[in-house]
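Visitor: Supplied structure: target_3.txt, compact mmCIF, C-alpha atoms and all ligand atoms.
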# COMPACT_ATOMS: atom_id res chain seq x y z
CA MET A 1 3.39 -0.35 -24.20
CA THR A 2 4.44 -1.78 -20.84
CA THR A 3 6.58 -4.86 -20.34
CA THR A 4 6.01 -6.66 -17.06
CA ALA A 5 8.11 -9.51 -15.68
CA PHE A 6 7.49 -12.11 -13.02
CA ILE A 7 9.90 -14.22 -10.96
CA GLY A 8 8.48 -17.13 -8.92
CA LEU A 9 5.71 -19.06 -10.62
CA GLY A 10 4.59 -20.91 -7.48
CA ALA A 11 1.13 -21.44 -6.02
CA MET A 12 0.54 -17.66 -5.93
CA GLY A 13 2.95 -16.32 -8.56
CA GLY A 14 1.89 -18.71 -11.34
CA PRO A 15 -1.74 -17.56 -11.51
CA MET A 16 -0.82 -13.93 -10.77
CA ALA A 17 1.58 -13.90 -13.75
CA ALA A 18 -1.12 -15.53 -15.88
CA HIS A 19 -3.34 -12.48 -15.30
CA LEU A 20 -0.48 -10.19 -16.34
CA ALA A 21 -0.06 -12.22 -19.55
CA ARG A 22 -3.78 -12.01 -20.33
CA ALA A 23 -3.76 -8.24 -19.77
CA ALA A 24 -0.67 -7.89 -21.96
CA GLU A 25 -2.32 -9.85 -24.75
CA ALA A 26 -5.37 -7.58 -24.56
CA GLY A 27 -3.34 -4.36 -24.29
CA GLY A 28 -0.42 -5.08 -26.62
CA GLY A 29 2.27 -5.36 -23.93
CA ARG A 30 4.56 -8.25 -22.99
CA THR A 31 4.89 -10.44 -19.89
CA LEU A 32 8.28 -12.06 -19.28
CA VAL A 33 8.59 -14.92 -16.79
CA TRP A 34 11.45 -16.70 -15.02
CA ASN A 35 11.32 -19.58 -12.56
CA ARG A 36 14.07 -21.49 -10.74
CA THR A 37 12.65 -24.71 -12.17
CA ALA A 38 12.76 -23.56 -15.79
CA ALA A 39 10.20 -26.12 -17.01
CA LYS A 40 7.51 -24.25 -15.04
CA ALA A 41 8.30 -21.02 -16.93
CA GLN A 42 8.13 -22.83 -20.26
CA ALA A 43 4.80 -24.44 -19.31
CA HIS A 44 3.51 -21.02 -18.21
CA ALA A 45 4.48 -19.49 -21.56
CA ALA A 46 2.80 -22.30 -23.47
CA GLN A 47 -0.39 -22.08 -21.43
CA TYR A 48 -0.81 -18.33 -20.93
CA GLY A 49 1.19 -16.59 -23.64
CA SER A 50 3.88 -15.21 -21.33
CA GLU A 51 7.53 -15.35 -22.55
CA ALA A 52 10.03 -17.56 -20.70
CA VAL A 53 13.34 -15.64 -20.82
CA SER A 54 16.80 -15.50 -19.23
CA LEU A 55 17.48 -13.27 -16.21
CA PRO A 56 19.33 -10.58 -18.23
CA GLU A 57 16.37 -10.37 -20.64
CA LEU A 58 13.92 -10.28 -17.76
CA ALA A 59 15.68 -7.26 -16.29
CA GLN A 60 14.64 -5.23 -19.34
CA ALA A 61 11.04 -5.06 -18.07
CA ASP A 62 9.40 -1.83 -16.95
CA ILE A 63 7.91 -3.48 -13.87
CA LEU A 64 9.42 -6.59 -12.28
CA PHE A 65 7.29 -8.59 -9.85
CA THR A 66 8.73 -11.19 -7.47
CA CYS A 67 6.75 -13.75 -5.42
CA LEU A 68 9.25 -15.97 -3.59
CA PRO A 69 9.08 -17.82 -0.26
CA THR A 70 11.01 -15.32 1.86
CA SER A 71 13.09 -12.13 1.59
CA ALA A 72 16.24 -14.29 1.55
CA GLU A 73 15.37 -15.60 -1.94
CA VAL A 74 14.57 -12.06 -3.08
CA ASP A 75 17.99 -10.92 -1.82
CA ALA A 76 19.60 -13.71 -3.84
CA MET A 77 17.69 -12.74 -7.00
CA LEU A 78 18.64 -9.10 -6.49
CA GLY A 79 22.28 -10.14 -6.38
CA GLU A 80 21.95 -12.05 -9.66
CA LEU A 81 19.97 -9.33 -11.41
CA ARG A 82 21.99 -6.35 -10.20
CA PRO A 83 24.29 -6.06 -13.28
CA HIS A 84 21.30 -6.12 -15.66
CA LEU A 85 18.74 -3.82 -14.01
CA ARG A 86 17.83 -0.51 -15.70
CA ALA A 87 17.38 2.88 -14.04
CA GLY A 88 13.72 3.91 -14.07
CA MET A 89 12.25 0.43 -13.67
CA TYR A 90 10.09 -0.69 -10.74
CA TRP A 91 10.61 -3.77 -8.58
CA VAL A 92 7.35 -4.83 -6.88
CA ASP A 93 7.96 -7.59 -4.33
CA CYS A 94 4.80 -9.64 -3.69
CA THR A 95 6.64 -12.01 -1.35
CA SER A 96 5.40 -11.97 2.27
CA GLY A 97 8.76 -10.53 3.18
CA HIS A 98 10.52 -8.89 6.11
CA PRO A 99 10.26 -5.11 6.63
CA ASP A 100 14.01 -4.90 7.39
CA ALA A 101 14.77 -6.59 4.08
CA ALA A 102 12.48 -4.12 2.29
CA LEU A 103 14.48 -1.19 3.64
CA ARG A 104 17.75 -2.84 2.61
CA GLN A 105 16.48 -3.81 -0.84
CA HIS A 106 14.98 -0.35 -1.39
CA ALA A 107 18.34 1.26 -0.57
CA ALA A 108 20.34 -1.16 -2.76
CA LEU A 109 18.01 -0.65 -5.73
CA ALA A 110 17.86 3.13 -5.28
CA GLU A 111 21.62 3.20 -6.01
CA LEU A 112 20.77 1.78 -9.45
CA GLY A 113 17.82 4.15 -10.00
CA VAL A 114 15.35 1.26 -9.55
CA LYS A 115 12.24 1.93 -7.45
CA PHE A 116 11.25 -0.71 -4.92
CA LEU A 117 7.80 -1.34 -3.46
CA ASP A 118 6.89 -4.07 -0.99
CA ALA A 119 3.50 -5.39 -2.06
CA PRO A 120 2.54 -8.66 -0.39
CA VAL A 121 -0.80 -10.22 -1.24
CA SER A 122 -3.63 -12.01 0.54
CA GLY A 123 -6.64 -14.06 -0.44
CA GLY A 124 -4.83 -17.33 -1.08
CA THR A 125 -4.58 -19.32 -4.27
CA LYS A 126 -8.30 -18.85 -5.01
CA ALA A 127 -7.86 -15.07 -5.21
CA ALA A 128 -4.67 -15.47 -7.26
CA GLU A 129 -6.54 -17.64 -9.76
CA ALA A 130 -9.50 -15.24 -9.83
CA GLY A 131 -7.18 -12.26 -10.29
CA ASN A 132 -8.40 -10.38 -7.24
CA VAL A 133 -5.72 -10.68 -4.57
CA THR A 134 -5.71 -8.00 -1.90
CA MET A 135 -2.45 -6.03 -2.07
CA MET A 136 -0.83 -3.92 0.66
CA PHE A 137 1.81 -1.53 -0.65
CA GLY A 138 4.73 0.01 1.19
CA GLY A 139 6.74 2.68 -0.63
CA ALA A 140 6.56 6.17 -2.11
CA ALA A 141 3.05 7.30 -3.07
CA GLN A 142 4.13 8.32 -6.59
CA ASP A 143 5.74 4.90 -7.18
CA PHE A 144 2.54 3.21 -5.99
CA GLU A 145 0.48 5.33 -8.39
CA ALA A 146 2.87 4.53 -11.26
CA VAL A 147 2.48 0.75 -10.92
CA ARG A 148 -1.19 0.73 -9.91
CA PRO A 149 -2.62 0.57 -13.48
CA HIS A 150 -0.54 -2.56 -14.15
CA LEU A 151 -1.79 -4.82 -11.34
CA ALA A 152 -3.89 -7.19 -13.45
CA PHE A 153 -4.04 -9.73 -10.61
CA GLY A 154 -5.09 -7.20 -7.95
CA GLY A 155 -8.50 -6.70 -6.36
CA ARG A 156 -8.41 -4.39 -3.36
CA VAL A 157 -5.14 -2.48 -3.56
CA VAL A 158 -4.13 -0.29 -0.59
CA HIS A 159 -1.11 1.96 -0.02
CA VAL A 160 -0.40 1.37 3.68
CA GLY A 161 2.73 3.47 4.23
CA SER A 162 6.42 3.86 3.52
CA VAL A 163 8.83 1.08 2.50
CA GLY A 164 8.36 -1.98 4.72
CA ALA A 165 4.81 -1.10 5.80
CA GLY A 166 3.27 -3.57 3.35
CA PHE A 167 5.34 -6.43 4.79
CA ALA A 168 4.50 -5.33 8.34
CA VAL A 169 0.75 -5.32 7.66
CA LYS A 170 0.99 -8.73 6.00
CA ALA A 171 2.91 -10.20 8.96
CA ILE A 172 0.33 -8.94 11.45
CA ASN A 173 -2.56 -10.13 9.26
CA ASN A 174 -1.06 -13.60 9.10
CA ALA A 175 -0.32 -13.60 12.83
CA LEU A 176 -4.06 -12.97 13.31
CA LEU A 177 -4.83 -15.88 10.97
CA ALA A 178 -2.47 -18.04 13.04
CA VAL A 179 -4.12 -16.95 16.32
CA ASN A 180 -7.63 -17.66 15.03
CA LEU A 181 -6.71 -21.00 13.50
CA TRP A 182 -4.81 -22.19 16.56
CA ALA A 183 -7.34 -20.94 19.12
CA THR A 184 -10.29 -22.40 17.22
CA GLY A 185 -8.43 -25.72 17.00
CA GLU A 186 -7.90 -25.68 20.79
CA GLY A 187 -11.55 -24.86 21.38
CA LEU A 188 -12.72 -27.69 19.15
CA ALA A 189 -10.33 -30.15 20.84
CA VAL A 190 -11.92 -29.28 24.20
CA LEU A 191 -15.38 -29.82 22.75
CA ALA A 192 -14.32 -33.12 21.12
CA GLN A 193 -13.05 -34.35 24.50
CA GLY A 194 -16.52 -33.60 25.88
CA GLY A 195 -18.14 -35.62 23.10
CA VAL A 196 -19.66 -32.63 21.28
CA ASN A 197 -20.31 -32.96 17.53
CA LEU A 198 -17.85 -30.56 15.91
CA GLY A 199 -19.95 -29.85 12.81
CA ALA A 200 -22.81 -28.75 15.07
CA ALA A 201 -20.42 -26.72 17.24
CA LEU A 202 -19.06 -24.90 14.19
CA GLU A 203 -22.59 -24.21 12.94
CA VAL A 204 -23.24 -22.35 16.19
CA ILE A 205 -19.84 -20.62 16.36
CA ASN A 206 -20.22 -19.44 12.76
CA ALA A 207 -23.55 -17.83 13.64
CA SER A 208 -22.00 -16.30 16.76
CA SER A 209 -19.21 -13.96 17.84
CA GLY A 210 -16.46 -16.58 17.90
CA ARG A 211 -16.41 -16.98 14.13
CA SER A 212 -13.43 -16.27 11.86
CA ASN A 213 -12.16 -17.39 8.48
CA ALA A 214 -10.64 -20.34 10.33
CA SER A 215 -14.01 -21.46 11.74
CA GLU A 216 -16.06 -20.58 8.65
CA ASN A 217 -13.79 -21.95 5.94
CA LEU A 218 -10.42 -23.44 6.85
CA ILE A 219 -11.39 -25.90 9.56
CA PRO A 220 -14.65 -27.24 8.05
CA GLN A 221 -13.15 -27.49 4.54
CA ARG A 222 -9.65 -28.72 5.34
CA VAL A 223 -9.45 -30.18 8.86
CA LEU A 224 -12.80 -31.88 9.52
CA THR A 225 -12.63 -33.38 6.01
CA ARG A 226 -9.03 -34.59 6.75
CA THR A 227 -7.97 -33.35 3.31
CA PHE A 228 -5.48 -30.62 4.36
CA PRO A 229 -4.95 -29.48 0.70
CA ALA A 230 -1.48 -27.93 0.52
CA THR A 231 -2.16 -24.46 -0.90
CA PHE A 232 -0.29 -22.43 1.76
CA ALA A 233 2.60 -24.15 3.49
CA LEU A 234 2.77 -24.39 7.27
CA GLY A 235 6.41 -23.30 7.11
CA LEU A 236 5.42 -20.08 5.33
CA LEU A 237 2.86 -19.19 8.01
CA ALA A 238 5.46 -19.93 10.70
CA LYS A 239 7.78 -17.54 8.84
CA ASP A 240 5.07 -14.83 8.86
CA THR A 241 4.39 -15.19 12.59
CA GLY A 242 8.15 -14.97 13.11
CA ILE A 243 8.24 -11.65 11.25
CA ALA A 244 5.40 -10.39 13.47
CA SER A 245 7.42 -11.51 16.49
CA ASP A 246 10.47 -9.58 15.20
CA LEU A 247 8.29 -6.46 14.90
CA ILE A 248 7.08 -6.94 18.49
CA GLY A 249 10.72 -7.11 19.60
CA GLN A 250 11.78 -4.09 17.53
CA HIS A 251 8.99 -1.88 18.85
CA LYS A 252 9.23 -3.32 22.37
CA SER A 253 5.51 -3.97 22.06
CA SER A 254 3.44 -5.66 24.72
CA ALA A 255 1.78 -8.31 22.55
CA PRO A 256 1.97 -11.58 24.50
CA VAL A 257 -0.67 -13.45 22.48
CA LEU A 258 1.03 -12.72 19.15
CA ALA A 259 4.45 -13.53 20.60
CA GLN A 260 3.19 -16.87 21.95
CA THR A 261 1.57 -17.61 18.62
CA ALA A 262 4.90 -17.23 16.83
CA ALA A 263 6.48 -19.71 19.24
CA LEU A 264 3.59 -22.16 18.79
CA TRP A 265 3.83 -22.05 15.00
CA ARG A 266 7.62 -22.35 15.09
CA GLY A 267 7.16 -25.53 17.12
CA ALA A 268 4.36 -26.82 14.90
CA SER A 269 6.52 -26.37 11.79
CA ARG A 270 9.19 -28.56 13.44
CA VAL A 271 6.84 -31.32 14.61
CA ILE A 272 4.61 -31.34 11.51
CA ASP A 273 6.11 -31.28 7.98
CA PRO A 274 6.52 -27.57 7.09
CA GLN A 275 5.57 -28.39 3.49
CA GLU A 276 2.11 -29.51 4.65
CA ASP A 277 -0.82 -27.09 4.48
CA HIS A 278 -0.89 -24.55 7.34
CA THR A 279 -4.10 -26.13 8.66
CA ALA A 280 -2.11 -29.33 9.40
CA ALA A 281 -0.75 -27.49 12.47
CA LEU A 282 -3.97 -28.58 14.14
CA LYS A 283 -2.66 -32.16 14.05
CA LEU A 284 -0.32 -31.04 16.83
CA ILE A 285 -3.30 -29.84 18.89
CA GLU A 286 -4.87 -33.23 18.22
CA GLN A 287 -1.73 -34.98 19.53
CA MET A 288 -1.63 -32.70 22.58
CA ASN A 289 -5.22 -33.62 23.40
CA GLY A 290 -5.57 -37.20 22.23
CA VAL A 291 -8.47 -36.39 19.89
CA THR A 292 -9.10 -36.17 16.15
CA LEU A 293 -10.98 -33.13 14.85
CA THR A 294 -13.58 -34.73 12.60
P1 LIG B 301 5.43 -21.74 -3.53
O1 LIG B 301 6.32 -22.60 -2.69
O2 LIG B 301 4.25 -22.33 -4.18
O3 LIG B 301 6.32 -21.05 -4.69
C1 LIG B 301 7.58 -20.54 -4.40
C2 LIG B 301 8.22 -20.00 -5.65
O4 LIG B 301 9.51 -19.51 -5.31
C3 LIG B 301 8.44 -21.07 -6.75
O5 LIG B 301 8.33 -20.46 -8.01
C4 LIG B 301 9.87 -21.50 -6.46
O6 LIG B 301 10.53 -22.02 -7.60
C5 LIG B 301 10.48 -20.18 -6.11
N1 LIG B 301 11.70 -20.35 -5.33
C6 LIG B 301 11.85 -21.02 -4.17
N2 LIG B 301 13.13 -20.93 -3.75
C7 LIG B 301 13.80 -20.21 -4.69
C8 LIG B 301 15.14 -19.79 -4.81
N3 LIG B 301 16.05 -20.09 -3.88
N4 LIG B 301 15.48 -19.05 -5.89
C9 LIG B 301 14.56 -18.74 -6.83
N5 LIG B 301 13.27 -19.11 -6.76
C10 LIG B 301 12.89 -19.83 -5.69
O7 LIG B 301 5.05 -20.51 -2.58
P2 LIG B 301 3.72 -19.62 -2.61
O8 LIG B 301 3.42 -19.18 -3.99
O9 LIG B 301 2.69 -20.30 -1.78
O10 LIG B 301 4.22 -18.37 -1.72
C11 LIG B 301 5.00 -17.32 -2.27
C12 LIG B 301 4.93 -16.14 -1.31
O11 LIG B 301 3.56 -15.71 -1.20
C13 LIG B 301 5.38 -16.49 0.13
O12 LIG B 301 6.06 -15.40 0.69
C14 LIG B 301 4.06 -16.75 0.86
O13 LIG B 301 4.19 -16.53 2.26
C15 LIG B 301 3.14 -15.75 0.16
N6 LIG B 301 1.71 -16.06 0.18
C16 LIG B 301 1.24 -17.34 -0.08
C17 LIG B 301 -0.13 -17.58 -0.08
C18 LIG B 301 -0.70 -18.94 -0.38
O14 LIG B 301 -1.92 -19.14 -0.16
N7 LIG B 301 0.06 -19.90 -0.89
C19 LIG B 301 -1.10 -16.50 0.20
C20 LIG B 301 -0.50 -15.20 0.36
C21 LIG B 301 0.85 -15.01 0.38
P3 LIG B 301 10.48 -23.59 -7.97
O15 LIG B 301 9.27 -23.75 -8.85
O16 LIG B 301 11.76 -23.84 -8.66
O17 LIG B 301 10.35 -24.35 -6.67
Kindly present the structure from the file in structure tokens form.
Ligand code: NDP

Guide:
Amino acid sequence: MTTTAFIGLGAMGGPMAAHLARAAEAGGGRTLVWNRTAAKAQAHAAQYGSEAVSLPELAQADILFTCLPTSAEVDAMLGELRPHLRAGMYWVDCTSGHPDAALRQHAALAELGVKFLDAPVSGGTKAAEAGNVTMMFGGAAQDFEAVRPHLAFGGRVVHVGSVGAGFAVKAINNALLAVNLWATGEGLAVLAQGGVNLGAALEVINASSGRSNASENLIPQRVLTRTFPATFALGLLAKDTGIASDLIGQHKSSAPVLAQTAALWRGASRVIDPQEDHTAALKLIEQMNGVTLT
């Protein structure tokens, strides 16, 4: 009987932990939850059958999942949990974290006999709710295999390399999202200035080679409708592009488009509220061009 635990019941972590609780109910295990705002953990327990517990109790789990904004919050949790962790347990960090932090956290936990895997997720809140997030794992192959049967919220699950590789793949994936979203926004602003109907333009682009998730889903559903539903914060995407930029620096890569993208998103998260949805960055393109993307 496996006991799983989850820290960070946010937009992603809440539904992911709910799938763990459902699997535990079906399989006879337990799912322990903890959240900084304790009321959210209690509500989660009431709704999904997880158990809201204290941090020392939580550290008794066999597999501990974290899904926090950045690696800095994971570092802080590690500090608080350190006296309570048990040798032999696994710490699976689903935060979109920093590869350098993964190496540091892996080393700190190894001293306690705890195995660390970086395992960020993609697919957004829809995939978290459906229980089929894509997961990219960095860490030892045998540790990946040990936790794999317990990923009730996972869909496609891929071991991408050693510790830190999962965070690196996630950062580059999100840098590509940022490039596509930004570039498509620029393209549509140009078309809007020329008086072209943007719905018609997107219909063509989405049947042509310029299409992306940004053109097919994000912009028509969130920007043209002016709804900008806050499911993935602009500040978090700026953080991800910043991690990609750090990797470019570390490897002395020649990646000018990705590097520029990080700078653009850093600026956008200052000008636009970083708590807004990431698609709200296109409001900056609108300001730069004196148009509204409708
Ligand atoms: P949310 O802001 O919705 O949730 C953040 C969670 O972290 C909350 O549970 C929050 O607690 C907790 N938290 C924040 N600060 C602290 C702290 N200092 N100490 C302890 N707990 C803290 O974020 P998301 O769920 O959107 O994102 C989580 C991670 O997943 C990020 O790394 C993000 O980049 C990544 N991600 C997000 C996606 C999305 O579509 N939203 C998609 C894929 C990855 P509290 O309730 O108290 O605020």

Visitor: Find the residues near segment 177-190 of chain A: any atom within 9 Å, counting only C-alpha atoms, skip ones fewer than 3 places away on the same chain, and give them as an mmCIF file with C-alpha atoms, keeping the file's coordinate frame.

Guide:
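Resulting contents of result-v4.cif:
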data_model
loop_
_atom_site.group_PDB
_atom_site.id
_atom_site.type_symbol
_atom_site.label_atom_id
_atom_site.label_comp_id
_atom_site.auth_asym_id
_atom_site.auth_seq_id
_atom_site.Cartn_x
_atom_site.Cartn_y
_atom_site.Cartn_z
ATOM 1 C CA ILE A 172 0.330 -8.940 11.450
ATOM 2 C CA ASN A 173 -2.560 -10.130 9.260
ATOM 3 C CA ASN A 174 -1.060 -13.600 9.100
ATOM 4 C CA GLN A 193 -13.050 -34.350 24.500
ATOM 5 C CA GLY A 194 -16.520 -33.600 25.880
ATOM 6 C CA GLY A 195 -18.140 -35.620 23.100
ATOM 7 C CA VAL A 196 -19.660 -32.630 21.280
ATOM 8 C CA LEU A 198 -17.850 -30.560 15.910
ATOM 9 C CA ALA A 201 -20.420 -26.720 17.240
ATOM 10 C CA LEU A 202 -19.060 -24.900 14.190
ATOM 11 C CA GLY A 210 -16.460 -16.580 17.900
ATOM 12 C CA ARG A 211 -16.410 -16.980 14.130
ATOM 13 C CA SER A 212 -13.430 -16.270 11.860
ATOM 14 C CA ASN A 213 -12.160 -17.390 8.480
ATOM 15 C CA ALA A 214 -10.640 -20.340 10.330
ATOM 16 C CA SER A 215 -14.010 -21.460 11.740
ATOM 17 C CA LEU A 218 -10.420 -23.440 6.850
ATOM 18 C CA ILE A 219 -11.390 -25.900 9.560
ATOM 19 C CA LEU A 237 2.860 -19.190 8.010
ATOM 20 C CA ALA A 238 5.460 -19.930 10.700
ATOM 21 C CA THR A 241 4.390 -15.190 12.590
ATOM 22 C CA VAL A 257 -0.670 -13.450 22.480
ATOM 23 C CA LEU A 258 1.030 -12.720 19.150
ATOM 24 C CA THR A 261 1.570 -17.610 18.620
ATOM 25 C CA ALA A 262 4.900 -17.230 16.830
ATOM 26 C CA LEU A 264 3.590 -22.160 18.790
ATOM 27 C CA TRP A 265 3.830 -22.050 15.000
ATOM 28 C CA HIS A 278 -0.890 -24.550 7.340
ATOM 29 C CA THR A 279 -4.100 -26.130 8.660
ATOM 30 C CA ALA A 281 -0.750 -27.490 12.470
ATOM 31 C CA LEU A 282 -3.970 -28.580 14.140
ATOM 32 C CA ILE A 285 -3.300 -29.840 18.890
ATOM 33 C CA GLU A 286 -4.870 -33.230 18.220
ATOM 34 C CA ASN A 289 -5.220 -33.620 23.400
ATOM 35 C CA GLY A 290 -5.570 -37.200 22.230
ATOM 36 C CA VAL A 291 -8.470 -36.390 19.890
ATOM 37 C CA THR A 292 -9.100 -36.170 16.150
ATOM 38 C CA LEU A 293 -10.980 -33.130 14.850
#

Visitor: Give the residue list for ligand LIG 301 (chain B) at 7 Å, counting only C-alpha atoms and all ligand atoms, as an NGL selection string, sorted by chain and then by residue number.

Guide: :A and (8-13 or 35-37 or 40 or 67-70 or 73 or 77 or 94-97 or 120-125 or 231-233 or 236-237 or 240)

Visitor: Using all atoms listed in the file, which protein or nucleic acid residues come within 7 Å of Ala259 of chain A? Drop anything in the same chain fewer than 4 positions from it, and give the result as a PyMOL selection string.

Guide: chain A and resi 245+255+263

Visitor: So how far away is atom CA of Leu58 of chain A from atom CA of Val33 of chain A, in Å?

Guide: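 If I compute the distance from atom CA of Val33 of chain A to atom CA of Leu58 of chain A, I get 7.1 Å.
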
Visitor: What is the atom CA of His159 of chain A to atom CA of Gly14 of chain A distance in Å?

Guide: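 Spanning atom CA of His159 of chain A to atom CA of Gly14 of chain A is a straight-line distance of 23.8 Å.
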
Visitor: Between atom CA of Ala52 of chain A and atom CA of Leu64 of chain A, what distance in Å does the model show, to one decimal?

Guide: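 We find that atom CA of Ala52 of chain A and atom CA of Leu64 of chain A lie 13.8 Å from each other.
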
Visitor: With only C-alpha atoms as the atoms that count, which of A:Phe167, A:Phe116, A:Phe153, A:Tyr90 lies nearest to Val133 of chain A?

Guide: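 Using only C-alpha atoms, the shortest distance to Val133 of chain A belongs to A:Phe153.
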
Visitor: Let me make sure I understand: among A:Val163, A:Leu117, A:Ala152, A:Val169, which one has the smallest atom-to-atom distance to Pro15 of chain A if we use only C-alpha atoms?

Guide: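 Nearest candidate to Pro15 of chain A out of A:Val163, A:Leu117, A:Ala152, A:Val169: A:Ala152.
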
Visitor: Restricting the calculation to all atoms listed in the file, which member of A:Asp75, A:Asp277, A:Glu80, A:Asp93 is positioned closest to Phe6 of chain A?

Guide: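 Comparing A:Asp75, A:Asp277, A:Glu80, A:Asp93 against Phe6 of chain A, the winner is A:Asp93.
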
Visitor: Quick one: everything within 10 Å of Val147 of chain A, counting only C-alpha atoms, minus sequence neighbours fewer than 3 positions away in the same chain. Send it as a short mmCIF file (atom, residue, chain, number, x, y, z; two decimals) with C-alpha atoms, keeping the file's coordinate frame.

Guide:
data_model
loop_
_atom_site.label_atom_id
_atom_site.label_comp_id
_atom_site.auth_asym_id
_atom_site.auth_seq_id
_atom_site.Cartn_x
_atom_site.Cartn_y
_atom_site.Cartn_z
CA ASP A 62 9.40 -1.83 -16.95
CA ILE A 63 7.91 -3.48 -13.87
CA TYR A 90 10.09 -0.69 -10.74
CA TRP A 91 10.61 -3.77 -8.58
CA VAL A 92 7.35 -4.83 -6.88
CA LEU A 117 7.80 -1.34 -3.46
CA GLN A 142 4.13 8.32 -6.59
CA ASP A 143 5.74 4.90 -7.18
CA PHE A 144 2.54 3.21 -5.99
CA HIS A 150 -0.54 -2.56 -14.15
CA LEU A 151 -1.79 -4.82 -11.34
#

Visitor: Set the distance at 6 Å and use all atoms listed in the file: which residues neighbour Gly164 of chain A once local chain neighbours fewer than 4 positions away are removed? I'd like the list as a PDB file with C-alpha atoms, in the coordinates of the input.

Guide:
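Output file selection-v3.pdb follows:
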ATOM      1  CA  PRO A  99      10.260  -5.110   6.630  1.00  0.00           C
ATOM      2  CA  ALA A 102      12.480  -4.120   2.290  1.00  0.00           C
ATOM      3  CA  GLY A 138       4.730   0.010   1.190  1.00  0.00           C
TER       4      GLY A 138
END

Visitor: Give me, as a list in words, all polymer residues having an atom no more than 9 Å from Tyr48 of chain A, counting all atoms listed in the file and skipping those fewer than 6 positions away in the same chain.

Guide: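 Once the adjacent positions are removed, what remains is Ala17, Ala18, His19, Ala21 and Arg22 of chain A.
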